[in-house]
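Student: This structure is in C-alpha cells; I'll ask about it shortly.
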Amino acid sequence: MRREFKLPDVGEGLTEAEIVRWHVKAGDDVKVNQIVVEIETAKSIVELPIPWDGMVAGLLAEEGQTVDVGVPIIAVDTTEEGAPAAAAPPEDTGTSGQAEAADRAGTTARGEALADDMVPKPPAEGAVEPGAHGSPAPKEERQSVLVGYGVKTGATKRRPRKRPPTDVPPPSVANPSRVAVDGGRSTAPTAPTAAPSEAPEDRALATGGVTVLAKPPVRKLAKDLGVDLTTITGTGPQGSITREDVHAAAEAPTAAPERPQPRELEERIPIKGVRKTTAQAMVTSAYTAPHVTEFLQIDVTRTMEAVRRLRALPDFADVKVSPLLLVAKAVLTAARRHPMINSSWDEEAQEIVIKHYVNLGIAAATPRGLVVPNIKNAHTLSLSDLAQHLAQLTETARAGRTQPAEMAGGTITITNVGVFGVDTGTPILNPGEAAILAFGQIRDMPWVVDGELAVRKVTTLSLSFDHRIVDGELGSLFLRDVGAMLEDPLTMLAWS
C-alpha cells in the first residue's frame, strides 16, 4: 500500500518549512522512526522520522523547496510481499475509515495513528490539484493539525528558475542599418542602388552587417580622427556621410563609459527561516516594549581568578568553565532577589506575570542567524550542572540543531557580546521578557584600588529592560547586584 507522509507542524504554530536535505532516495528501505529528511523551520533545523516500515516510492519535494504544513513530501510503499491489496477508501472517509483501510492493507494501527496525528487529513478521493483540466478542484476548508493554524490553500512555493528566452524580438525595419532576420538566418540588408551618374567611390560599403555610405576620402578622414562611421548619421545625398559629419562627430564630447549594472555590485539574500523570525521578533519587541538601557563598568579581576580556580576542581574537569558561567549564576541570584525583573507583560489580561522560575536564555550567533535557546529551570541547577547545560546549549546552537521547544518559554536572557571584541551594546528584549543583560569583553584597564592606580581586568555590563514593568530603581538595583557579585564572587556565595 502506498502511503504519503505529509509535512507535520513541529510546534510553535509553524505553517511552512524548507526541505534542506534528504537522507533517503527512491528505492531505499526505511524503518519506523528512521530519519528521512531535514527541514528548516522559522526557528531551527529539524529532523523528521518516517512513521512506517517500507520502501521509498518517491520524493515529492525537492531540496530547497518551501512546503506548506500538510502537503505530502515523500511516498512510501508499505505493502508487504504477498499481502492483499487494500480496497479504495470511500469518499470523505474519517479517521476510523482510514484505520479500517489500513487494517485491510496489513498496516499496523500504530503507524496509522502516528501518521494521522502528525498531519492533516488528505482531501477527498478524486480531488486533484487546482488548475488541472477536466478534474474537480479540492474543497477549500480548514484542516486540523497537531499545533498551529491549519493548512494553507497553496500547496508549495518553488524557487523561480531561470529559463532561456524562446523568442528573439524582430529588428526594427525603420533603420536600414540593422541586420534582418529571415527564417532564423541573418542577412545584411542590400545597399541602395547607386544612381547611374554616381561615381564608383560613392557606392555603399557594408561592414559587419551595417551599411555605410561614404567616399574614400571621408573614410580616411574618419580613420585619422578615430571616428567610427557606423555611429554617424549621414547628412549627404541618400544618407551618405560627409566630411562635415566626421568633423562634427570628432568634436562631440566623448560619452562616459558604461557603468556596471547595480546587480553586479549587490547581492540579494532571501529573508527566510531563522533570520526572518528574528527580524519579526525584534521589530515587535522594539515597537511594543519601551526599552531603557543602563550601563555599569566593573572590575572582574576576582571573577577571573575564581574561573581559574574552578577549572582546577575535579567537578569541572569535563566541562568548559568561562566567565559567562559566573555571569549566569549572578543573574540567577539577582533575579531571586528582585523577582519583578523575571516577569512578562500580559496585554490582553492587563496583568504583570511574575515567574517564580527562571528559564535562562543565552543568545547565540549561528551561520543561520541569531537564536536564543534557554536552560529550563536554571535556578535549580548547581554550578557544575549549569556549566554542563551552557556547554551543551552552545554546541547545539552552533551546529544548527536547536529545537523549537528549546527556544520557547524564556524568562530572562544574557547576550555575550564580548566574544566579538566589543565593550557593550544596547540589546533588544527577547519578546515576552522584561530584561536582557549584555556582557562585554574583558580587558586590562587602569583602575583605582585602595587609592592606588593599578591594572585590572575590567568589563562593561548593560541591562535593557521593559519600562512598563521595570522602573529605573529596580533596573539599577538588579544591575548593581550583578556587578557586585562579579566584582567579589564571595558575595554571590553569600546571596545564593
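Naming works like this for the C-alpha cells: A, B, ... for the chains as they're shown, residue 1 at the start of each chain, ligands 1 onward in shown order.
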Quick one: residues within 10 Å of stretch 384-400 of chain A, only C-alpha atoms, excluding same-chain residues fewer than 3 positions away - as a compact mmCIF listing (two decimals) with all heavy atoms, in the first residue's frame?
Tutor:
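Contents of the output file result_4.txt:
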# COMPACT_ATOMS: atom_id res chain seq x y z
N GLU A 40 14.08 23.04 7.45
CA GLU A 40 14.38 24.29 8.15
C GLU A 40 13.08 25.04 8.37
O GLU A 40 12.41 25.46 7.43
CB GLU A 40 15.34 25.16 7.36
CG GLU A 40 15.68 26.46 8.09
CD GLU A 40 16.69 27.31 7.34
OE1 GLU A 40 17.06 26.94 6.21
OE2 GLU A 40 17.10 28.34 7.88
N LYS A 43 12.51 28.60 12.92
CA LYS A 43 13.32 28.74 14.12
C LYS A 43 14.55 27.84 14.14
O LYS A 43 15.53 28.16 14.80
CB LYS A 43 12.48 28.45 15.37
CG LYS A 43 11.39 29.50 15.59
CD LYS A 43 10.78 29.38 16.97
CE LYS A 43 9.80 30.52 17.24
NZ LYS A 43 9.22 30.48 18.59
N SER A 44 14.51 26.71 13.47
CA SER A 44 15.66 25.81 13.55
C SER A 44 15.58 24.75 12.47
O SER A 44 14.61 24.68 11.71
CB SER A 44 15.70 25.12 14.93
OG SER A 44 14.55 24.30 15.10
N ILE A 45 16.63 23.92 12.40
CA ILE A 45 16.63 22.75 11.52
C ILE A 45 16.12 21.55 12.32
O ILE A 45 16.60 21.29 13.43
CB ILE A 45 18.03 22.48 10.97
CG1 ILE A 45 18.42 23.59 9.97
CG2 ILE A 45 18.11 21.12 10.29
CD1 ILE A 45 19.76 23.39 9.33
N VAL A 46 15.16 20.84 11.77
CA VAL A 46 14.52 19.72 12.47
C VAL A 46 14.64 18.48 11.60
O VAL A 46 14.46 18.53 10.38
CB VAL A 46 13.03 20.03 12.75
CG1 VAL A 46 12.37 18.87 13.47
CG2 VAL A 46 12.90 21.31 13.56
N LEU A 310 38.21 27.36 39.56
CA LEU A 310 37.16 26.38 39.25
C LEU A 310 37.64 25.35 38.23
O LEU A 310 37.29 24.17 38.31
CB LEU A 310 35.91 27.09 38.73
CG LEU A 310 35.04 27.81 39.76
CD1 LEU A 310 33.95 28.61 39.07
CD2 LEU A 310 34.42 26.81 40.74
N ASP A 315 35.29 18.49 39.88
CA ASP A 315 33.89 18.56 39.43
C ASP A 315 33.74 19.27 38.10
O ASP A 315 32.71 19.12 37.42
CB ASP A 315 33.04 19.26 40.48
CG ASP A 315 32.89 18.43 41.75
OD1 ASP A 315 33.22 17.22 41.70
OD2 ASP A 315 32.47 18.98 42.78
N PHE A 316 34.72 20.07 37.73
CA PHE A 316 34.64 20.84 36.48
C PHE A 316 35.67 20.37 35.46
O PHE A 316 35.96 21.08 34.50
CB PHE A 316 34.85 22.32 36.78
CG PHE A 316 33.78 22.93 37.65
CD1 PHE A 316 33.90 22.92 39.02
CD2 PHE A 316 32.65 23.50 37.08
CE1 PHE A 316 32.92 23.47 39.83
CE2 PHE A 316 31.67 24.06 37.88
CZ PHE A 316 31.80 24.04 39.26
N ALA A 317 36.20 19.17 35.67
CA ALA A 317 37.26 18.68 34.79
C ALA A 317 36.77 18.43 33.36
O ALA A 317 37.52 18.61 32.40
CB ALA A 317 37.87 17.40 35.37
N ASP A 318 35.51 18.03 33.21
CA ASP A 318 34.99 17.64 31.89
C ASP A 318 34.08 18.69 31.26
O ASP A 318 33.44 18.42 30.25
CB ASP A 318 34.22 16.32 32.01
CG ASP A 318 35.10 15.18 32.49
OD1 ASP A 318 36.31 15.21 32.18
OD2 ASP A 318 34.58 14.28 33.18
N VAL A 319 34.01 19.87 31.85
CA VAL A 319 33.16 20.92 31.29
C VAL A 319 33.97 22.19 31.11
O VAL A 319 35.01 22.38 31.74
CB VAL A 319 31.95 21.21 32.21
CG1 VAL A 319 31.04 20.00 32.30
CG2 VAL A 319 32.40 21.67 33.58
N LYS A 320 33.47 23.04 30.22
CA LYS A 320 34.14 24.31 29.97
C LYS A 320 33.69 25.33 31.00
O LYS A 320 32.50 25.57 31.18
CB LYS A 320 33.82 24.81 28.56
CG LYS A 320 34.46 26.15 28.24
CD LYS A 320 34.09 26.62 26.84
CE LYS A 320 34.73 27.97 26.53
NZ LYS A 320 34.37 28.46 25.17
N VAL A 321 34.66 25.93 31.67
CA VAL A 321 34.37 26.98 32.65
C VAL A 321 34.85 28.30 32.07
O VAL A 321 36.02 28.47 31.76
CB VAL A 321 35.07 26.70 33.99
CG1 VAL A 321 34.79 27.83 34.96
CG2 VAL A 321 34.62 25.37 34.56
N SER A 322 33.93 29.23 31.91
CA SER A 322 34.24 30.54 31.35
C SER A 322 33.62 31.60 32.24
O SER A 322 32.78 31.31 33.10
CB SER A 322 33.70 30.66 29.92
OG SER A 322 32.29 30.68 29.94
N LEU A 324 31.35 33.51 31.50
CA LEU A 324 29.90 33.51 31.29
C LEU A 324 29.19 32.65 32.33
O LEU A 324 28.04 32.94 32.69
CB LEU A 324 29.59 32.98 29.88
CG LEU A 324 28.11 32.90 29.49
CD1 LEU A 324 27.46 34.29 29.53
CD2 LEU A 324 27.95 32.27 28.11
N LEU A 325 29.84 31.63 32.84
CA LEU A 325 29.23 30.77 33.86
C LEU A 325 28.91 31.57 35.11
O LEU A 325 27.80 31.48 35.67
CB LEU A 325 30.17 29.61 34.19
CG LEU A 325 29.76 28.71 35.37
CD1 LEU A 325 28.42 28.04 35.11
CD2 LEU A 325 30.85 27.68 35.66
N LEU A 326 29.87 32.39 35.56
CA LEU A 326 29.64 33.18 36.77
C LEU A 326 28.68 34.33 36.50
O LEU A 326 27.93 34.75 37.39
CB LEU A 326 30.96 33.69 37.31
CG LEU A 326 31.93 32.60 37.81
CD1 LEU A 326 33.16 33.20 38.45
CD2 LEU A 326 31.24 31.66 38.79
N ALA A 328 26.10 34.08 34.48
CA ALA A 328 24.80 33.41 34.53
C ALA A 328 24.37 33.17 35.97
O ALA A 328 23.20 33.39 36.33
CB ALA A 328 24.86 32.10 33.75
N LYS A 329 25.30 32.73 36.80
CA LYS A 329 24.97 32.48 38.21
C LYS A 329 24.60 33.78 38.90
O LYS A 329 23.67 33.81 39.73
CB LYS A 329 26.15 31.82 38.91
CG LYS A 329 25.85 31.35 40.32
CD LYS A 329 24.78 30.27 40.33
CE LYS A 329 24.54 29.74 41.75
NZ LYS A 329 23.47 28.71 41.79
N LEU A 360 16.62 30.47 31.65
CA LEU A 360 17.68 31.42 31.30
C LEU A 360 18.06 31.30 29.84
O LEU A 360 18.59 30.29 29.40
CB LEU A 360 18.91 31.18 32.19
CG LEU A 360 20.09 32.12 31.98
CD1 LEU A 360 19.68 33.56 32.30
CD2 LEU A 360 21.28 31.69 32.83
N GLY A 361 17.78 32.37 29.06
CA GLY A 361 18.13 32.37 27.64
C GLY A 361 19.55 32.83 27.42
O GLY A 361 20.04 33.75 28.09
N ILE A 362 20.22 32.19 26.46
CA ILE A 362 21.59 32.55 26.07
C ILE A 362 21.57 32.84 24.57
O ILE A 362 21.36 31.92 23.76
CB ILE A 362 22.60 31.43 26.38
CG1 ILE A 362 22.54 31.06 27.87
CG2 ILE A 362 24.00 31.87 25.98
CD1 ILE A 362 22.97 32.16 28.81
N ALA A 363 21.76 34.10 24.20
CA ALA A 363 21.76 34.46 22.79
C ALA A 363 22.99 33.86 22.12
O ALA A 363 24.12 33.98 22.62
CB ALA A 363 21.74 35.97 22.63
N ALA A 364 22.78 33.21 20.98
CA ALA A 364 23.88 32.54 20.26
C ALA A 364 23.84 32.94 18.80
O ALA A 364 22.79 32.85 18.15
CB ALA A 364 23.77 31.02 20.41
N ALA A 365 24.99 33.37 18.28
CA ALA A 365 25.10 33.71 16.86
C ALA A 365 25.48 32.46 16.09
O ALA A 365 26.46 31.78 16.42
CB ALA A 365 26.15 34.80 16.65
N THR A 366 24.70 32.13 15.07
CA THR A 366 24.95 30.95 14.25
C THR A 366 24.99 31.38 12.78
O THR A 366 24.56 32.48 12.44
CB THR A 366 23.84 29.89 14.44
OG1 THR A 366 22.63 30.37 13.82
CG2 THR A 366 23.58 29.65 15.92
N PRO A 367 25.52 30.53 11.90
CA PRO A 367 25.51 30.88 10.47
C PRO A 367 24.12 31.14 9.92
O PRO A 367 23.97 31.83 8.91
CB PRO A 367 26.15 29.64 9.82
CG PRO A 367 27.01 29.04 10.89
CD PRO A 367 26.26 29.29 12.16
N ARG A 368 23.09 30.59 10.56
CA ARG A 368 21.72 30.77 10.09
C ARG A 368 21.05 31.98 10.72
O ARG A 368 19.93 32.31 10.37
CB ARG A 368 20.91 29.52 10.40
CG ARG A 368 21.43 28.27 9.71
CD ARG A 368 20.72 27.01 10.18
NE ARG A 368 19.28 27.14 10.06
CZ ARG A 368 18.44 27.15 11.09
NH1 ARG A 368 18.91 27.08 12.32
NH2 ARG A 368 17.15 27.24 10.90
N GLY A 369 21.74 32.66 11.64
CA GLY A 369 21.15 33.82 12.29
C GLY A 369 21.19 33.68 13.81
O GLY A 369 21.75 32.73 14.37
N LEU A 370 20.56 34.64 14.48
CA LEU A 370 20.54 34.67 15.94
C LEU A 370 19.46 33.75 16.49
O LEU A 370 18.31 33.80 16.07
CB LEU A 370 20.28 36.10 16.42
CG LEU A 370 20.14 36.30 17.93
CD1 LEU A 370 21.48 36.06 18.61
CD2 LEU A 370 19.62 37.70 18.23
N VAL A 371 19.85 32.90 17.43
CA VAL A 371 18.89 32.05 18.14
C VAL A 371 19.09 32.27 19.63
O VAL A 371 20.18 32.60 20.09
CB VAL A 371 19.06 30.55 17.78
CG1 VAL A 371 18.76 30.31 16.32
CG2 VAL A 371 20.45 30.06 18.12
N VAL A 372 18.01 32.08 20.39
CA VAL A 372 18.08 32.27 21.85
C VAL A 372 17.47 31.06 22.54
O VAL A 372 16.32 31.10 23.02
CB VAL A 372 17.34 33.56 22.28
CG1 VAL A 372 17.62 33.85 23.76
CG2 VAL A 372 17.78 34.75 21.44
N PRO A 373 18.20 29.95 22.61
CA PRO A 373 17.71 28.81 23.40
C PRO A 373 17.82 29.14 24.88
O PRO A 373 18.57 30.04 25.28
CB PRO A 373 18.66 27.68 22.99
CG PRO A 373 19.92 28.38 22.57
CD PRO A 373 19.49 29.67 21.96
N ASN A 374 17.07 28.42 25.68
CA ASN A 374 17.12 28.71 27.12
C ASN A 374 17.26 27.44 27.92
O ASN A 374 16.89 26.34 27.49
CB ASN A 374 15.88 29.49 27.56
CG ASN A 374 14.58 28.76 27.29
OD1 ASN A 374 14.21 27.84 28.05
ND2 ASN A 374 13.87 29.13 26.22
N ILE A 375 17.86 27.60 29.09
CA ILE A 375 18.05 26.50 30.05
C ILE A 375 16.85 26.47 30.97
O ILE A 375 16.62 27.40 31.75
CB ILE A 375 19.35 26.69 30.85
CG1 ILE A 375 20.55 26.78 29.89
CG2 ILE A 375 19.54 25.55 31.84
CD1 ILE A 375 21.85 27.12 30.59
N LYS A 376 16.06 25.42 30.85
CA LYS A 376 14.84 25.32 31.65
C LYS A 376 15.18 25.13 33.13
O LYS A 376 16.06 24.35 33.50
CB LYS A 376 13.99 24.14 31.16
CG LYS A 376 13.57 24.23 29.68
CD LYS A 376 12.62 25.38 29.44
CE LYS A 376 11.99 25.34 28.05
NZ LYS A 376 12.95 25.62 26.97
N ALA A 378 16.75 26.93 35.26
CA ALA A 378 18.17 27.11 35.54
C ALA A 378 18.43 27.46 37.01
O ALA A 378 19.52 27.22 37.53
CB ALA A 378 18.73 28.22 34.64
N HIS A 379 17.43 28.03 37.68
CA HIS A 379 17.60 28.43 39.08
C HIS A 379 17.78 27.23 40.01
O HIS A 379 18.23 27.38 41.15
CB HIS A 379 16.40 29.25 39.54
CG HIS A 379 15.10 28.49 39.54
ND1 HIS A 379 14.48 28.08 38.37
CD2 HIS A 379 14.31 28.04 40.56
CE1 HIS A 379 13.37 27.44 38.67
NE2 HIS A 379 13.24 27.40 39.99
N THR A 380 17.43 26.03 39.55
CA THR A 380 17.54 24.84 40.39
C THR A 380 18.87 24.11 40.19
O THR A 380 19.14 23.13 40.90
CB THR A 380 16.40 23.86 40.07
OG1 THR A 380 16.53 23.40 38.72
CG2 THR A 380 15.04 24.54 40.24
N LEU A 381 19.71 24.54 39.27
CA LEU A 381 20.93 23.81 38.93
C LEU A 381 22.10 24.23 39.81
O LEU A 381 22.23 25.41 40.18
CB LEU A 381 21.29 24.06 37.46
CG LEU A 381 20.25 23.64 36.42
CD1 LEU A 381 20.72 24.03 35.03
CD2 LEU A 381 19.98 22.15 36.49
N GLN A 403 16.20 22.90 18.80
CA GLN A 403 14.80 22.60 18.51
C GLN A 403 13.90 23.75 18.96
O GLN A 403 14.25 24.51 19.88
CB GLN A 403 14.38 21.30 19.19
CG GLN A 403 15.19 20.09 18.76
CD GLN A 403 15.10 19.85 17.27
OE1 GLN A 403 14.01 19.72 16.71
NE2 GLN A 403 16.24 19.78 16.61
N GLU A 406 13.28 24.23 22.63
CA GLU A 406 14.40 24.74 23.43
C GLU A 406 14.48 26.26 23.40
O GLU A 406 15.22 26.85 24.19
CB GLU A 406 15.71 24.14 22.94
CG GLU A 406 15.79 22.63 23.08
CD GLU A 406 17.02 22.03 22.42
OE1 GLU A 406 17.36 22.46 21.30
OE2 GLU A 406 17.64 21.15 23.04
Student: Set the distance at 7 Å and use only C-alpha atoms: which residues neighbour A:Arg443 once local chain neighbours fewer than 5 positions away are removed? I'd like the list as a PyMOL selection string.
Tutor: chain A and resi 457-459
Student: According to DSSP computed on the backbone, where in stretch 250-420 of chain A is there helix (DSSP H, G or I)? Give the residues as an MDAnalysis selection string.
Tutor: chainID A and resid 250:251 262:265 273:286 301:311 314:316 323:337 339:341 378:380 383:398 404:407 417:420
Student: To one decimal place in Å, what is the distance between atom CA of A:Thr491 and atom CA of A:Val292?
Tutor: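 Result for atom CA of A:Thr491 versus atom CA of A:Val292: 27.0 Å, one decimal.
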Student: Which is closer to A:Val353 than all the others in A:Trp447, A:Ala434, A:Pro323, A:Leu383, using only C-alpha atoms?
Tutor: A:Ala434
Student: Separation of atom CA of A:Val20 and atom CA of A:Asp53, in Å?
Tutor: 22.9 Å
Student: Here is a test: counting only C-alpha atoms, which residue of A:Pro489, A:Ser343, A:Asp471, A:Ala214 is nearest to A:Thr235?
Tutor: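 Closest to A:Thr235, using only C-alpha atoms: A:Ala214.
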Student: Quick one: everything within 9 Å of stretch 285-288 of chain A, counting only C-alpha atoms, minus sequence neighbours fewer than 4 positions away in the same chain. Send it as a ChimeraX atom specification.
Tutor: /A:280-281,428-432
Student: So how many Å separate atom CA of A:Asp29 and atom CA of A:Ala61, to one decimal?
Tutor: 18.4 Å
Student: Using only C-alpha atoms, find the one residue out of A:Val32, A:Val327, A:Val10, A:Leu486 that sits nearest to A:Ala438.
Tutor: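 For A:Ala438, the nearest of the given residues is A:Val327.
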Student: List as a VMD selection string the protein and nucleic acid residues near A:Glu487, meaning an atom at most 8 Å away when only C-alpha atoms are counted, but skip any in the same chain fewer than 6 places from it.
Tutor: chain A and resid 298 to 303
Student: With all heavy atoms kept, could you save the residues just selected as a PDB file, in the first residue's frame?
Tutor:
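As written to disk, part-v1.pdb reads:
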ATOM      1  N   ILE A 298      32.761  47.412  35.615  1.00  0.00           N
ATOM      2  CA  ILE A 298      33.165  46.768  36.865  1.00  0.00           C
ATOM      3  C   ILE A 298      34.539  46.114  36.724  1.00  0.00           C
ATOM      4  O   ILE A 298      34.993  45.783  35.630  1.00  0.00           O
ATOM      5  CB  ILE A 298      32.137  45.699  37.297  1.00  0.00           C
ATOM      6  CG1 ILE A 298      31.944  44.663  36.186  1.00  0.00           C
ATOM      7  CG2 ILE A 298      30.816  46.335  37.676  1.00  0.00           C
ATOM      8  CD1 ILE A 298      31.045  43.503  36.589  1.00  0.00           C
ATOM      9  N   ASP A 299      35.158  45.916  37.880  1.00  0.00           N
ATOM     10  CA  ASP A 299      36.445  45.224  37.975  1.00  0.00           C
ATOM     11  C   ASP A 299      36.162  43.738  38.229  1.00  0.00           C
ATOM     12  O   ASP A 299      35.602  43.373  39.267  1.00  0.00           O
ATOM     13  CB  ASP A 299      37.258  45.831  39.130  1.00  0.00           C
ATOM     14  CG  ASP A 299      38.575  45.104  39.381  1.00  0.00           C
ATOM     15  OD1 ASP A 299      38.919  44.200  38.586  1.00  0.00           O
ATOM     16  OD2 ASP A 299      39.250  45.439  40.378  1.00  0.00           O
ATOM     17  N   VAL A 300      36.536  42.894  37.271  1.00  0.00           N
ATOM     18  CA  VAL A 300      36.248  41.457  37.397  1.00  0.00           C
ATOM     19  C   VAL A 300      37.528  40.650  37.594  1.00  0.00           C
ATOM     20  O   VAL A 300      37.582  39.468  37.249  1.00  0.00           O
ATOM     21  CB  VAL A 300      35.479  40.946  36.155  1.00  0.00           C
ATOM     22  CG1 VAL A 300      34.074  41.520  36.104  1.00  0.00           C
ATOM     23  CG2 VAL A 300      36.235  41.271  34.874  1.00  0.00           C
ATOM     24  N   THR A 301      38.530  41.274  38.189  1.00  0.00           N
ATOM     25  CA  THR A 301      39.785  40.552  38.429  1.00  0.00           C
ATOM     26  C   THR A 301      39.553  39.335  39.316  1.00  0.00           C
ATOM     27  O   THR A 301      40.085  38.249  39.059  1.00  0.00           O
ATOM     28  CB  THR A 301      40.815  41.489  39.073  1.00  0.00           C
ATOM     29  OG1 THR A 301      40.989  42.645  38.239  1.00  0.00           O
ATOM     30  CG2 THR A 301      42.153  40.794  39.258  1.00  0.00           C
ATOM     31  N   ARG A 302      38.736  39.478  40.362  1.00  0.00           N
ATOM     32  CA  ARG A 302      38.468  38.352  41.264  1.00  0.00           C
ATOM     33  C   ARG A 302      37.637  37.274  40.566  1.00  0.00           C
ATOM     34  O   ARG A 302      37.807  36.074  40.855  1.00  0.00           O
ATOM     35  CB  ARG A 302      37.739  38.852  42.508  1.00  0.00           C
ATOM     36  CG  ARG A 302      38.583  39.756  43.394  1.00  0.00           C
ATOM     37  CD  ARG A 302      37.809  40.198  44.631  1.00  0.00           C
ATOM     38  NE  ARG A 302      38.590  41.091  45.463  1.00  0.00           N
ATOM     39  CZ  ARG A 302      38.151  41.672  46.577  1.00  0.00           C
ATOM     40  NH1 ARG A 302      36.901  41.422  46.988  1.00  0.00           N
ATOM     41  NH2 ARG A 302      38.914  42.480  47.282  1.00  0.00           N
ATOM     42  N   THR A 303      36.742  37.679  39.678  1.00  0.00           N
ATOM     43  CA  THR A 303      35.975  36.685  38.919  1.00  0.00           C
ATOM     44  C   THR A 303      36.895  35.853  38.038  1.00  0.00           C
ATOM     45  O   THR A 303      36.738  34.623  37.950  1.00  0.00           O
ATOM     46  CB  THR A 303      34.911  37.381  38.057  1.00  0.00           C
ATOM     47  OG1 THR A 303      33.887  37.898  38.908  1.00  0.00           O
ATOM     48  CG2 THR A 303      34.283  36.415  37.067  1.00  0.00           C
TER      49      THR A 303
END
